[in-house]
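J.: Below is work-v6.cif; it holds mmCIF, C-alpha atoms.
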```
data_entry
#
loop_
_atom_site.label_atom_id
_atom_site.label_comp_id
_atom_site.auth_asym_id
_atom_site.auth_seq_id
_atom_site.Cartn_x
_atom_site.Cartn_y
_atom_site.Cartn_z
CA MET A 778 20.23 -109.91 113.61
CA LYS A 779 22.11 -112.40 115.74
CA ASN A 780 21.41 -116.09 115.41
CA ALA A 781 22.04 -116.80 119.06
CA VAL A 782 20.27 -115.49 122.13
CA ASN A 783 21.09 -115.64 125.83
CA ILE A 784 18.18 -116.44 128.09
CA GLY A 785 18.46 -116.04 131.84
CA LEU A 786 16.17 -118.30 133.83
CA MET A 787 15.65 -116.78 137.24
CA GLY A 788 14.96 -119.66 139.53
CA ASP A 789 16.43 -122.24 141.85
CA PHE A 790 17.01 -125.09 139.44
CA ASP A 791 15.93 -128.49 140.67
CA ALA A 792 16.38 -131.43 138.31
CA GLY A 793 13.60 -133.18 140.22
CA LYS A 794 11.04 -130.58 139.16
CA PRO A 795 9.36 -131.55 135.87
CA SER A 796 8.53 -127.91 135.17
CA HIS A 797 12.22 -126.94 135.30
CA ILE A 798 13.27 -129.68 132.91
CA ALA A 799 10.30 -128.78 130.69
CA THR A 800 11.43 -125.15 130.58
CA ASN A 801 14.83 -126.04 129.17
CA ILE A 802 13.31 -128.42 126.63
CA ALA A 803 10.56 -126.02 125.55
CA LEU A 804 13.12 -123.27 124.93
CA GLN A 805 15.00 -125.65 122.65
CA HIS A 806 11.79 -126.52 120.77
CA ALA A 807 11.07 -122.85 120.15
CA ALA A 808 14.68 -122.09 119.18
CA ASP A 809 14.67 -124.93 116.66
CA ARG A 810 11.53 -123.49 115.11
CA LEU A 811 13.31 -120.16 114.64
CA SER A 812 16.64 -121.74 113.59
CA LEU A 813 18.12 -119.92 116.52
CA GLN A 814 20.78 -121.00 118.94
CA VAL A 815 19.60 -120.56 122.50
CA LYS A 816 22.02 -120.36 125.40
CA VAL A 817 20.17 -120.95 128.62
CA GLN A 818 21.59 -119.98 131.97
CA TRP A 819 19.82 -120.57 135.26
CA ILE A 820 20.40 -117.73 137.68
CA PRO A 821 19.86 -118.74 141.33
CA THR A 822 17.50 -116.24 142.92
CA THR A 823 19.73 -115.37 145.88
CA THR A 824 22.55 -114.35 143.51
CA LEU A 825 20.29 -111.64 142.08
CA LEU A 826 20.75 -109.76 145.32
CA ASN A 827 24.44 -109.22 144.64
CA ILE A 828 26.47 -107.58 141.92
CA GLY A 829 27.70 -110.85 140.40
CA GLY A 830 24.23 -112.25 139.78
CA GLN A 831 22.93 -108.91 138.63
CA LYS A 832 25.79 -108.62 136.13
CA THR A 833 24.87 -112.04 134.78
CA ALA A 834 21.23 -110.99 134.42
CA LYS A 835 22.20 -107.77 132.66
CA ARG A 836 24.16 -109.74 130.07
CA MET A 837 21.07 -111.71 129.10
CA ASP A 838 18.99 -110.81 126.07
CA ALA A 839 15.84 -111.76 127.97
CA LEU A 840 14.78 -113.00 131.39
CA TRP A 841 12.30 -115.68 132.36
CA ALA A 842 11.01 -116.10 135.92
CA ALA A 843 10.87 -119.87 136.21
CA PRO A 844 8.11 -121.78 137.98
CA GLY A 845 8.66 -123.02 141.50
CA SER A 846 7.27 -120.75 144.15
CA PRO A 847 8.40 -120.01 146.76
CA TYR A 848 11.76 -118.81 145.46
CA GLU A 849 14.75 -118.84 147.76
CA SER A 850 14.84 -115.10 147.24
CA GLN A 851 11.67 -113.38 146.15
CA ASP A 852 13.56 -110.06 146.34
CA GLY A 853 16.14 -111.39 143.90
CA VAL A 854 13.46 -112.25 141.36
CA HIS A 855 11.83 -108.86 141.89
CA TRP A 856 15.17 -107.22 141.08
CA GLY A 857 15.27 -109.15 137.78
CA ILE A 858 11.69 -108.32 136.87
CA ARG A 859 12.31 -104.66 137.58
CA HIS A 860 15.49 -104.70 135.51
CA ALA A 861 13.56 -106.17 132.55
CA ARG A 862 10.73 -103.68 132.95
CA GLU A 863 12.87 -100.59 133.22
CA ASN A 864 15.32 -101.57 130.49
CA LYS A 865 12.74 -102.92 128.03
CA ARG A 866 14.25 -106.39 128.13
CA PRO A 867 11.84 -109.17 127.18
CA PHE A 868 10.41 -110.79 130.28
CA PHE A 869 8.37 -113.93 130.68
CA GLY A 870 6.91 -115.28 133.92
CA THR A 871 5.29 -118.70 134.09
CA MET B 926 3.46 -105.25 142.14
CA ARG B 927 5.43 -103.68 144.95
CA ASN B 928 7.15 -101.37 142.55
CA ILE B 929 4.47 -100.70 139.96
CA LEU B 930 1.64 -100.25 142.44
CA ASP B 931 3.96 -98.81 145.07
CA VAL B 932 2.43 -101.20 147.57
CA LYS B 933 5.51 -102.05 149.60
CA ASN B 934 3.79 -104.72 151.68
CA ALA B 935 2.32 -106.57 148.68
CA GLN B 936 2.78 -110.25 149.38
CA HIS B 937 2.35 -113.69 147.84
CA VAL B 938 0.47 -116.33 149.82
CA ASP B 939 3.35 -118.84 149.52
CA TYR B 940 5.62 -116.52 151.50
CA ASP B 941 3.23 -115.28 154.16
CA ALA B 942 -0.35 -116.56 154.15
CA HIS B 943 -1.33 -114.07 156.84
CA ALA B 944 0.12 -110.96 155.25
CA GLN B 945 -2.11 -107.91 155.31
CA CYS B 946 -1.81 -107.21 151.63
CA LEU B 947 -2.01 -110.41 149.60
CA VAL B 948 -1.72 -109.78 145.87
CA ILE B 949 -1.31 -113.46 144.97
CA VAL B 950 -3.94 -115.66 146.62
CA PRO B 951 -5.08 -119.31 146.45
CA ALA B 952 -7.22 -119.99 143.36
CA ALA B 953 -10.87 -119.28 144.12
CA HIS B 954 -12.21 -122.09 141.94
CA PRO B 955 -9.99 -125.14 142.34
CA VAL B 956 -10.38 -128.10 140.01
CA HIS B 957 -12.64 -130.53 141.87
CA ILE B 958 -11.37 -133.78 140.45
CA ARG B 959 -7.60 -133.88 140.51
CA PRO B 960 -4.88 -136.28 141.65
CA GLN B 961 -4.06 -136.30 145.33
CA ASP B 962 -1.51 -133.60 146.22
CA ALA B 963 -2.00 -131.93 142.83
CA PRO B 964 -2.18 -128.13 142.94
CA ARG B 965 -5.57 -126.37 142.97
CA LEU B 966 -5.32 -125.57 139.28
CA THR B 967 -4.33 -128.74 137.47
CA GLY B 968 -4.86 -129.78 133.87
CA GLU B 969 -6.23 -128.08 130.78
CA MET B 970 -8.38 -124.99 131.16
CA LYS B 971 -9.91 -122.54 128.76
CA ILE B 972 -8.65 -118.97 128.59
CA ARG B 973 -10.39 -116.11 126.79
CA LEU B 974 -8.00 -113.62 125.24
CA ARG B 975 -8.49 -109.89 125.13
CA PRO B 976 -8.65 -108.64 121.53
CA GLY B 977 -5.78 -106.36 120.63
CA SER B 978 -3.52 -107.59 123.43
CA LEU B 979 -0.06 -109.04 122.84
CA ALA B 980 -1.32 -112.49 123.86
CA TYR B 981 -4.20 -112.26 121.38
CA ARG B 982 -1.84 -111.29 118.58
CA ILE B 983 0.58 -114.09 119.39
CA TYR B 984 -2.03 -116.84 119.57
CA GLY B 985 -4.16 -115.42 116.74
CA ALA B 986 -7.24 -116.73 118.55
CA LYS B 987 -10.03 -115.54 120.83
CA ALA B 988 -9.66 -118.46 123.23
CA VAL B 989 -7.12 -121.17 123.96
CA GLU B 990 -6.70 -124.19 126.23
CA GLU B 991 -3.65 -124.19 128.46
CA ARG B 992 -2.15 -126.59 130.97
CA PHE B 993 -2.08 -125.50 134.58
CA HIS B 994 0.02 -126.69 137.49
CA CYS B 995 -0.46 -123.93 140.00
CA ASN B 996 -2.14 -123.15 143.31
CA ASN B 997 -2.53 -119.42 143.13
CA GLU B 998 -3.79 -116.47 141.13
CA LEU B 999 -3.99 -112.69 141.16
CA ASN B 1000 -6.24 -111.28 143.86
CA PRO B 1001 -9.09 -109.72 141.83
CA ASP B 1002 -9.14 -106.73 144.21
CA PHE B 1003 -5.91 -105.56 142.53
CA GLU B 1004 -7.04 -105.85 138.92
CA ARG B 1005 -8.18 -102.28 138.54
CA ALA B 1006 -5.05 -100.90 140.18
CA ILE B 1007 -2.66 -102.77 137.93
CA GLU B 1008 -4.62 -101.84 134.80
CA GLU B 1009 -4.49 -98.21 135.85
CA LYS B 1010 -0.71 -98.57 136.13
CA GLY B 1011 -0.24 -99.65 132.54
CA MET B 1012 -0.77 -103.40 132.62
CA THR B 1013 -3.43 -105.38 130.79
CA ILE B 1014 -5.15 -108.55 131.89
CA SER B 1015 -5.08 -110.21 128.51
CA GLY B 1016 -6.26 -113.72 129.39
CA ARG B 1017 -9.12 -114.72 131.65
CA GLY B 1018 -10.36 -118.03 132.96
CA GLU B 1019 -13.85 -119.44 133.09
CA HIS B 1020 -14.81 -117.34 136.10
CA GLY B 1021 -13.05 -114.24 134.85
CA GLU B 1022 -9.83 -114.92 136.75
CA ALA B 1023 -6.66 -113.23 135.51
CA ARG B 1024 -4.59 -115.85 133.69
CA ILE B 1025 -2.32 -113.72 131.51
CA ILE B 1026 -1.01 -110.30 132.45
CA GLU B 1027 1.12 -108.08 130.25
CA LEU B 1028 2.78 -104.72 130.52
CA ASN B 1029 1.77 -102.13 127.93
CA ASP B 1030 4.48 -100.03 126.28
CA HIS B 1031 7.05 -102.79 126.48
CA PRO B 1032 8.32 -105.07 123.68
CA PHE B 1033 7.48 -108.28 125.56
CA PHE B 1034 6.55 -108.46 129.22
CA LEU B 1035 4.08 -111.20 129.90
CA ALA B 1036 3.25 -113.49 132.81
CA THR B 1037 0.97 -116.50 132.86
CA GLY B 1038 -0.77 -118.50 135.56
CA PHE B 1039 -0.28 -121.64 133.49
CA GLN B 1040 2.92 -123.24 132.29
CA PRO B 1041 3.31 -123.12 128.53
CA GLN B 1042 6.50 -125.16 128.78
CA LEU B 1043 4.45 -128.19 129.83
CA SER B 1044 2.61 -128.40 126.52
CA SER B 1045 5.52 -127.66 124.19
CA GLU B 1046 6.39 -130.44 121.76
CA GLU B 1047 9.25 -130.79 119.33
CA ASN B 1048 6.97 -130.23 116.36
CA HIS B 1049 4.65 -127.88 118.22
CA PRO B 1050 6.71 -125.34 120.12
CA HIS B 1051 4.55 -123.15 122.31
CA PRO B 1052 3.61 -119.89 120.54
CA LEU B 1053 4.29 -117.75 123.62
CA ILE B 1054 7.78 -119.19 123.96
CA VAL B 1055 8.47 -118.70 120.25
CA ALA B 1056 7.31 -115.09 120.60
CA PHE B 1057 9.50 -114.63 123.69
CA LEU B 1058 12.57 -115.84 121.78
CA LYS B 1059 11.74 -113.61 118.83
CA ALA B 1060 11.63 -110.66 121.22
CA ALA B 1061 14.95 -111.77 122.73
CA ARG B 1062 16.50 -111.96 119.26
CA LYS B 1063 15.28 -108.45 118.52
CA ALA B 1064 16.62 -107.18 121.84
CA SER B 1065 20.03 -108.70 121.15
CA VAL B 1066 20.65 -106.69 117.97
#
```
Let me see the structure of the file written as C-alpha cells.

T.:
Amino acid sequence: MKNAVNIGLMGDFDAGKPSHIATNIALQHAADRLSLQVKVQWIPTTTLLNIGGQKTAKRMDALWAAPGSPYESQDGVHWGIRHARENKRPFFGT
Amino acid sequence: MRNILDVKNAQHVDYDAHAQCLVIVPAAHPVHIRPQDAPRLTGEMKIRLRPGSLAYRIYGAKAVEERFHCNNELNPDFERAIEEKGMTISGRGEHGEARIIELNDHPFFLATGFQPQLSSEENHPHPLIVAFLKAARKASV
C-alpha cells in the first residue's frame, strides 16, 4: 500500500472562499490521522473538457467535487464524476 | 443525474432557475434565523443516517450534526428515480430532505449537502474525509 495519495479537487479555486481553504486544510488533517502524504491538485473545471485536464484527473487516485456552485464548467465536473463512477475511483462531492 | 437517470435536461437551479427539469432546487425549509446574506441552509443541522449505508458505517452512529453552508438540495421528486438506478439516500434532514447520497456497488462515491471540511479540526479530522482518503489509498495500490 502506498503512503502517498493524489487527490484531484475539481473546482475553480478561489483563495477568498473559506470553503476552498478549508478543503485543503481538512484533507491535511485527515492525512495526518492516517500517516499518509496527500498531494492535492486543484483541477479548474473548464480544463476537464479537454484532454489535458482529463489526463490530470485520470492520474488522480480520487476526485473531490469542491464546493462553490456555480462552476465555470458544470459539464467539466460532470465528466469527472462520470469518470469516477465508471472507473470505480473514489469520489466525494461536498 | 443526467447520465444515471438519462435525463439529459436535468438542471441545477444555480445555472438556470427556469429550467424545465430541476433536479437541484432551493432548500424547502431554510433556516429562519441566519446572518444576512447567509445561504438558506446555514449552521449545524441534524442528519439521520440510514442503517447499513456507507455513511452509517463510517460514522458508526444513527444520527449526526453537520455544518451547512448551502442554498440548495435534491428535488424530492427525483428520489425514487435515483434509488431505482442504484443510489441510496443515506442521510436525511429534519424534514426528510436528502442530505447524503451514495452510489451502491462502488468503493466510495458519496455526496453531501453539507460541508464536512468546515468542521474538521487538527485533532478531529472529519470521519467522511478520513474514509475518503482511505478509499483513495486503496485505489492507488

J.: So which residues get picked by the PyMOL selection byres ((chain B) within 10 of (chain A)) here, written as a PyMOL selection string?

T.: chain B and resi 926-929+936-940+994-997+1025-1028+1030-1066

J.: Using only C-alpha atoms, please write the residues we just selected to a file, as an mmCIF file, in the frame of the given file.

T.:
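Done, and the output landed in part.cif:
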```
data_model
loop_
_atom_site.group_PDB
_atom_site.id
_atom_site.type_symbol
_atom_site.label_atom_id
_atom_site.label_comp_id
_atom_site.auth_asym_id
_atom_site.auth_seq_id
_atom_site.Cartn_x
_atom_site.Cartn_y
_atom_site.Cartn_z
ATOM 1 C CA MET B 926 3.460 -105.250 142.140
ATOM 2 C CA ARG B 927 5.430 -103.680 144.950
ATOM 3 C CA ASN B 928 7.150 -101.370 142.550
ATOM 4 C CA ILE B 929 4.470 -100.700 139.960
ATOM 5 C CA GLN B 936 2.780 -110.250 149.380
ATOM 6 C CA HIS B 937 2.350 -113.690 147.840
ATOM 7 C CA VAL B 938 0.470 -116.330 149.820
ATOM 8 C CA ASP B 939 3.350 -118.840 149.520
ATOM 9 C CA TYR B 940 5.620 -116.520 151.500
ATOM 10 C CA HIS B 994 0.020 -126.690 137.490
ATOM 11 C CA CYS B 995 -0.460 -123.930 140.000
ATOM 12 C CA ASN B 996 -2.140 -123.150 143.310
ATOM 13 C CA ASN B 997 -2.530 -119.420 143.130
ATOM 14 C CA ILE B 1025 -2.320 -113.720 131.510
ATOM 15 C CA ILE B 1026 -1.010 -110.300 132.450
ATOM 16 C CA GLU B 1027 1.120 -108.080 130.250
ATOM 17 C CA LEU B 1028 2.780 -104.720 130.520
ATOM 18 C CA ASP B 1030 4.480 -100.030 126.280
ATOM 19 C CA HIS B 1031 7.050 -102.790 126.480
ATOM 20 C CA PRO B 1032 8.320 -105.070 123.680
ATOM 21 C CA PHE B 1033 7.480 -108.280 125.560
ATOM 22 C CA PHE B 1034 6.550 -108.460 129.220
ATOM 23 C CA LEU B 1035 4.080 -111.200 129.900
ATOM 24 C CA ALA B 1036 3.250 -113.490 132.810
ATOM 25 C CA THR B 1037 0.970 -116.500 132.860
ATOM 26 C CA GLY B 1038 -0.770 -118.500 135.560
ATOM 27 C CA PHE B 1039 -0.280 -121.640 133.490
ATOM 28 C CA GLN B 1040 2.920 -123.240 132.290
ATOM 29 C CA PRO B 1041 3.310 -123.120 128.530
ATOM 30 C CA GLN B 1042 6.500 -125.160 128.780
ATOM 31 C CA LEU B 1043 4.450 -128.190 129.830
ATOM 32 C CA SER B 1044 2.610 -128.400 126.520
ATOM 33 C CA SER B 1045 5.520 -127.660 124.190
ATOM 34 C CA GLU B 1046 6.390 -130.440 121.760
ATOM 35 C CA GLU B 1047 9.250 -130.790 119.330
ATOM 36 C CA ASN B 1048 6.970 -130.230 116.360
ATOM 37 C CA HIS B 1049 4.650 -127.880 118.220
ATOM 38 C CA PRO B 1050 6.710 -125.340 120.120
ATOM 39 C CA HIS B 1051 4.550 -123.150 122.310
ATOM 40 C CA PRO B 1052 3.610 -119.890 120.540
ATOM 41 C CA LEU B 1053 4.290 -117.750 123.620
ATOM 42 C CA ILE B 1054 7.780 -119.190 123.960
ATOM 43 C CA VAL B 1055 8.470 -118.700 120.250
ATOM 44 C CA ALA B 1056 7.310 -115.090 120.600
ATOM 45 C CA PHE B 1057 9.500 -114.630 123.690
ATOM 46 C CA LEU B 1058 12.570 -115.840 121.780
ATOM 47 C CA LYS B 1059 11.740 -113.610 118.830
ATOM 48 C CA ALA B 1060 11.630 -110.660 121.220
ATOM 49 C CA ALA B 1061 14.950 -111.770 122.730
ATOM 50 C CA ARG B 1062 16.500 -111.960 119.260
ATOM 51 C CA LYS B 1063 15.280 -108.450 118.520
ATOM 52 C CA ALA B 1064 16.620 -107.180 121.840
ATOM 53 C CA SER B 1065 20.030 -108.700 121.150
ATOM 54 C CA VAL B 1066 20.650 -106.690 117.970
#
```

J.: As a check of understanding, name the residues that the PyMOL selection byres ((chain B and resi 965-978) around 10) selects in the supplied structure, as an MDAnalysis selection string.

T.: chainID B and resid 951:960 962:964 979:998 1013:1029 1038:1039 1044

J.: Filtering to C-alpha atoms, could you give me those residues as a CSV table (one decimal), in the frame of the given file?

T.:
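Result file follows (out-v6.csv):
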```csv
chain,number,residue,atom,x,y,z
B,951,PRO,CA,-5.1,-119.3,146.4
B,952,ALA,CA,-7.2,-120.0,143.4
B,953,ALA,CA,-10.9,-119.3,144.1
B,954,HIS,CA,-12.2,-122.1,141.9
B,955,PRO,CA,-10.0,-125.1,142.3
B,956,VAL,CA,-10.4,-128.1,140.0
B,957,HIS,CA,-12.6,-130.5,141.9
B,958,ILE,CA,-11.4,-133.8,140.4
B,959,ARG,CA,-7.6,-133.9,140.5
B,960,PRO,CA,-4.9,-136.3,141.6
B,962,ASP,CA,-1.5,-133.6,146.2
B,963,ALA,CA,-2.0,-131.9,142.8
B,964,PRO,CA,-2.2,-128.1,142.9
B,979,LEU,CA,-0.1,-109.0,122.8
B,980,ALA,CA,-1.3,-112.5,123.9
B,981,TYR,CA,-4.2,-112.3,121.4
B,982,ARG,CA,-1.8,-111.3,118.6
B,983,ILE,CA,0.6,-114.1,119.4
B,984,TYR,CA,-2.0,-116.8,119.6
B,985,GLY,CA,-4.2,-115.4,116.7
B,986,ALA,CA,-7.2,-116.7,118.6
B,987,LYS,CA,-10.0,-115.5,120.8
B,988,ALA,CA,-9.7,-118.5,123.2
B,989,VAL,CA,-7.1,-121.2,124.0
B,990,GLU,CA,-6.7,-124.2,126.2
B,991,GLU,CA,-3.6,-124.2,128.5
B,992,ARG,CA,-2.2,-126.6,131.0
B,993,PHE,CA,-2.1,-125.5,134.6
B,994,HIS,CA,0.0,-126.7,137.5
B,995,CYS,CA,-0.5,-123.9,140.0
B,996,ASN,CA,-2.1,-123.2,143.3
B,997,ASN,CA,-2.5,-119.4,143.1
B,998,GLU,CA,-3.8,-116.5,141.1
B,1013,THR,CA,-3.4,-105.4,130.8
B,1014,ILE,CA,-5.2,-108.6,131.9
B,1015,SER,CA,-5.1,-110.2,128.5
B,1016,GLY,CA,-6.3,-113.7,129.4
B,1017,ARG,CA,-9.1,-114.7,131.6
B,1018,GLY,CA,-10.4,-118.0,133.0
B,1019,GLU,CA,-13.8,-119.4,133.1
B,1020,HIS,CA,-14.8,-117.3,136.1
B,1021,GLY,CA,-13.0,-114.2,134.8
B,1022,GLU,CA,-9.8,-114.9,136.8
B,1023,ALA,CA,-6.7,-113.2,135.5
B,1024,ARG,CA,-4.6,-115.8,133.7
B,1025,ILE,CA,-2.3,-113.7,131.5
B,1026,ILE,CA,-1.0,-110.3,132.4
B,1027,GLU,CA,1.1,-108.1,130.2
B,1028,LEU,CA,2.8,-104.7,130.5
B,1029,ASN,CA,1.8,-102.1,127.9
B,1038,GLY,CA,-0.8,-118.5,135.6
B,1039,PHE,CA,-0.3,-121.6,133.5
B,1044,SER,CA,2.6,-128.4,126.5
```

J.: Take CA of Glu1008 in chain B and CA of Ser850 in chain A and report the distance between them in Å, one decimal.

T.: 26.6 Å

J.: Work out how far CA of Val817 in chain A is from CA of Glu849 in chain A, in Å to one decimal.

T.: 20.0 Å

J.: Residue by residue, what does the PyMOL selection byres ((chain A and resi 822) around 8) grab here? Present the result as an mmCIF file with C-alpha atoms, in the frame of the given file.

T.:
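Generated file (expr.cif):
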```
data_model
loop_
_atom_site.group_PDB
_atom_site.id
_atom_site.type_symbol
_atom_site.label_atom_id
_atom_site.label_comp_id
_atom_site.auth_asym_id
_atom_site.auth_seq_id
_atom_site.Cartn_x
_atom_site.Cartn_y
_atom_site.Cartn_z
ATOM 1 C CA MET A 787 15.650 -116.780 137.240
ATOM 2 C CA GLY A 788 14.960 -119.660 139.530
ATOM 3 C CA ASP A 789 16.430 -122.240 141.850
ATOM 4 C CA ILE A 820 20.400 -117.730 137.680
ATOM 5 C CA PRO A 821 19.860 -118.740 141.330
ATOM 6 C CA THR A 823 19.730 -115.370 145.880
ATOM 7 C CA THR A 824 22.550 -114.350 143.510
ATOM 8 C CA LEU A 825 20.290 -111.640 142.080
ATOM 9 C CA LEU A 826 20.750 -109.760 145.320
ATOM 10 C CA TYR A 848 11.760 -118.810 145.460
ATOM 11 C CA GLU A 849 14.750 -118.840 147.760
ATOM 12 C CA SER A 850 14.840 -115.100 147.240
ATOM 13 C CA GLN A 851 11.670 -113.380 146.150
ATOM 14 C CA GLY A 853 16.140 -111.390 143.900
ATOM 15 C CA VAL A 854 13.460 -112.250 141.360
#
```

J.: Give me, please, the distance in Å between CA of Ala942 in chain B and CA of Glu1004 in chain B, quoted to one decimal.

T.: 19.8 Å

J.: Just write range 938-1028 of chain B with C-alpha atoms, as a PDB file, in the first residue's frame, taken from the block above.

T.:
```
ATOM      1  CA  VAL B 938     -31.115  25.948 -10.058  1.00  0.00           C
ATOM      2  CA  ASP B 939     -27.850  27.941  -9.906  1.00  0.00           C
ATOM      3  CA  TYR B 940     -27.372  27.507 -13.656  1.00  0.00           C
ATOM      4  CA  ASP B 941     -30.919  28.002 -14.879  1.00  0.00           C
ATOM      5  CA  ALA B 942     -33.651  28.736 -12.344  1.00  0.00           C
ATOM      6  CA  HIS B 943     -36.334  28.386 -15.005  1.00  0.00           C
ATOM      7  CA  ALA B 944     -35.212  25.073 -16.454  1.00  0.00           C
ATOM      8  CA  GLN B 945     -37.967  22.553 -17.081  1.00  0.00           C
ATOM      9  CA  CYS B 946     -36.282  19.755 -15.220  1.00  0.00           C
ATOM     10  CA  LEU B 947     -34.719  20.993 -11.992  1.00  0.00           C
ATOM     11  CA  VAL B 948     -33.006  18.225 -10.049  1.00  0.00           C
ATOM     12  CA  ILE B 949     -31.287  20.579  -7.601  1.00  0.00           C
ATOM     13  CA  VAL B 950     -33.681  23.123  -6.108  1.00  0.00           C
ATOM     14  CA  PRO B 951     -33.626  25.791  -3.365  1.00  0.00           C
ATOM     15  CA  ALA B 952     -33.927  24.266   0.117  1.00  0.00           C
ATOM     16  CA  ALA B 953     -37.589  23.914   1.065  1.00  0.00           C
ATOM     17  CA  HIS B 954     -37.041  24.670   4.750  1.00  0.00           C
ATOM     18  CA  PRO B 955     -34.497  27.465   5.084  1.00  0.00           C
ATOM     19  CA  VAL B 956     -33.032  28.315   8.468  1.00  0.00           C
ATOM     20  CA  HIS B 957     -35.140  31.211   9.761  1.00  0.00           C
ATOM     21  CA  ILE B 958     -32.568  32.968  11.882  1.00  0.00           C
ATOM     22  CA  ARG B 959     -29.328  33.363   9.986  1.00  0.00           C
ATOM     23  CA  PRO B 960     -26.859  36.138   9.212  1.00  0.00           C
ATOM     24  CA  GLN B 961     -27.755  38.493   6.404  1.00  0.00           C
ATOM     25  CA  ASP B 962     -26.667  37.102   3.013  1.00  0.00           C
ATOM     26  CA  ALA B 963     -26.050  33.672   4.540  1.00  0.00           C
ATOM     27  CA  PRO B 964     -27.263  30.749   2.416  1.00  0.00           C
ATOM     28  CA  ARG B 965     -30.644  29.143   3.129  1.00  0.00           C
ATOM     29  CA  LEU B 966     -29.029  26.251   4.963  1.00  0.00           C
ATOM     30  CA  THR B 967     -26.551  27.695   7.427  1.00  0.00           C
ATOM     31  CA  GLY B 968     -25.159  26.247  10.638  1.00  0.00           C
ATOM     32  CA  GLU B 969     -25.433  22.905  12.393  1.00  0.00           C
ATOM     33  CA  MET B 970     -28.261  20.566  11.496  1.00  0.00           C
ATOM     34  CA  LYS B 971     -29.176  17.047  12.458  1.00  0.00           C
ATOM     35  CA  ILE B 972     -28.971  14.237   9.927  1.00  0.00           C
ATOM     36  CA  ARG B 973     -30.436  10.765  10.374  1.00  0.00           C
ATOM     37  CA  LEU B 974     -28.360   8.035   8.775  1.00  0.00           C
ATOM     38  CA  ARG B 975     -29.716   5.007   7.002  1.00  0.00           C
ATOM     39  CA  PRO B 976     -28.620   1.794   8.730  1.00  0.00           C
ATOM     40  CA  GLY B 977     -26.357  -0.337   6.582  1.00  0.00           C
ATOM     41  CA  SER B 978     -25.319   2.516   4.304  1.00  0.00           C
ATOM     42  CA  LEU B 979     -21.703   3.546   3.751  1.00  0.00           C
ATOM     43  CA  ALA B 980     -22.315   6.778   5.660  1.00  0.00           C
ATOM     44  CA  TYR B 981     -23.769   4.861   8.612  1.00  0.00           C
ATOM     45  CA  ARG B 982     -20.770   2.540   8.702  1.00  0.00           C
ATOM     46  CA  ILE B 983     -18.303   5.409   8.520  1.00  0.00           C
ATOM     47  CA  TYR B 984     -19.904   7.486  11.269  1.00  0.00           C
ATOM     48  CA  GLY B 985     -20.864   4.479  13.399  1.00  0.00           C
ATOM     49  CA  ALA B 986     -23.956   6.388  14.515  1.00  0.00           C
ATOM     50  CA  LYS B 987     -27.667   6.665  13.770  1.00  0.00           C
ATOM     51  CA  ALA B 988     -27.628  10.457  13.652  1.00  0.00           C
ATOM     52  CA  VAL B 989     -25.042  13.222  13.418  1.00  0.00           C
ATOM     53  CA  GLU B 990     -24.875  17.014  13.411  1.00  0.00           C
ATOM     54  CA  GLU B 991     -23.231  18.613  10.412  1.00  0.00           C
ATOM     55  CA  ARG B 992     -22.408  22.149   9.366  1.00  0.00           C
ATOM     56  CA  PHE B 993     -24.214  23.534   6.353  1.00  0.00           C
ATOM     57  CA  HIS B 994     -23.365  26.418   4.064  1.00  0.00           C
ATOM     58  CA  CYS B 995     -25.604  25.769   1.114  1.00  0.00           C
ATOM     59  CA  ASN B 996     -28.707  27.084  -0.639  1.00  0.00           C
ATOM     60  CA  ASN B 997     -29.945  24.021  -2.424  1.00  0.00           C
ATOM     61  CA  GLU B 998     -30.942  20.387  -2.140  1.00  0.00           C
ATOM     62  CA  LEU B 999     -32.124  17.424  -4.189  1.00  0.00           C
ATOM     63  CA  ASN B1000     -35.613  17.825  -5.602  1.00  0.00           C
ATOM     64  CA  PRO B1001     -37.591  15.137  -3.711  1.00  0.00           C
ATOM     65  CA  ASP B1002     -39.459  14.267  -6.923  1.00  0.00           C
ATOM     66  CA  PHE B1003     -36.264  12.546  -8.124  1.00  0.00           C
ATOM     67  CA  GLU B1004     -35.575  10.462  -5.026  1.00  0.00           C
ATOM     68  CA  ARG B1005     -37.339   7.346  -6.203  1.00  0.00           C
ATOM     69  CA  ALA B1006     -35.728   7.504  -9.641  1.00  0.00           C
ATOM     70  CA  ILE B1007     -32.198   7.759  -8.322  1.00  0.00           C
ATOM     71  CA  GLU B1008     -32.761   4.956  -5.805  1.00  0.00           C
ATOM     72  CA  GLU B1009     -34.069   2.765  -8.604  1.00  0.00           C
ATOM     73  CA  LYS B1010     -30.847   3.497 -10.504  1.00  0.00           C
ATOM     74  CA  GLY B1011     -28.585   2.169  -7.783  1.00  0.00           C
ATOM     75  CA  MET B1012     -28.084   5.106  -5.456  1.00  0.00           C
ATOM     76  CA  THR B1013     -29.045   5.341  -1.798  1.00  0.00           C
ATOM     77  CA  ILE B1014     -30.163   8.374   0.134  1.00  0.00           C
ATOM     78  CA  SER B1015     -28.190   7.587   3.245  1.00  0.00           C
ATOM     79  CA  GLY B1016     -28.659  10.795   5.240  1.00  0.00           C
ATOM     80  CA  ARG B1017     -31.839  12.773   5.769  1.00  0.00           C
ATOM     81  CA  GLY B1018     -32.596  16.081   7.408  1.00  0.00           C
ATOM     82  CA  GLU B1019     -35.281  17.015   9.880  1.00  0.00           C
ATOM     83  CA  HIS B1020     -37.983  17.155   7.213  1.00  0.00           C
ATOM     84  CA  GLY B1021     -36.740  14.088   5.400  1.00  0.00           C
ATOM     85  CA  GLU B1022     -34.626  16.025   2.906  1.00  0.00           C
ATOM     86  CA  ALA B1023     -31.811  14.166   1.163  1.00  0.00           C
ATOM     87  CA  ARG B1024     -28.536  15.245   2.782  1.00  0.00           C
ATOM     88  CA  ILE B1025     -26.194  12.393   1.859  1.00  0.00           C
ATOM     89  CA  ILE B1026     -26.389  10.387  -1.340  1.00  0.00           C
ATOM     90  CA  GLU B1027     -24.185   7.453  -2.233  1.00  0.00           C
ATOM     91  CA  LEU B1028     -23.763   5.104  -5.144  1.00  0.00           C
TER      92      LEU B1028
END
```
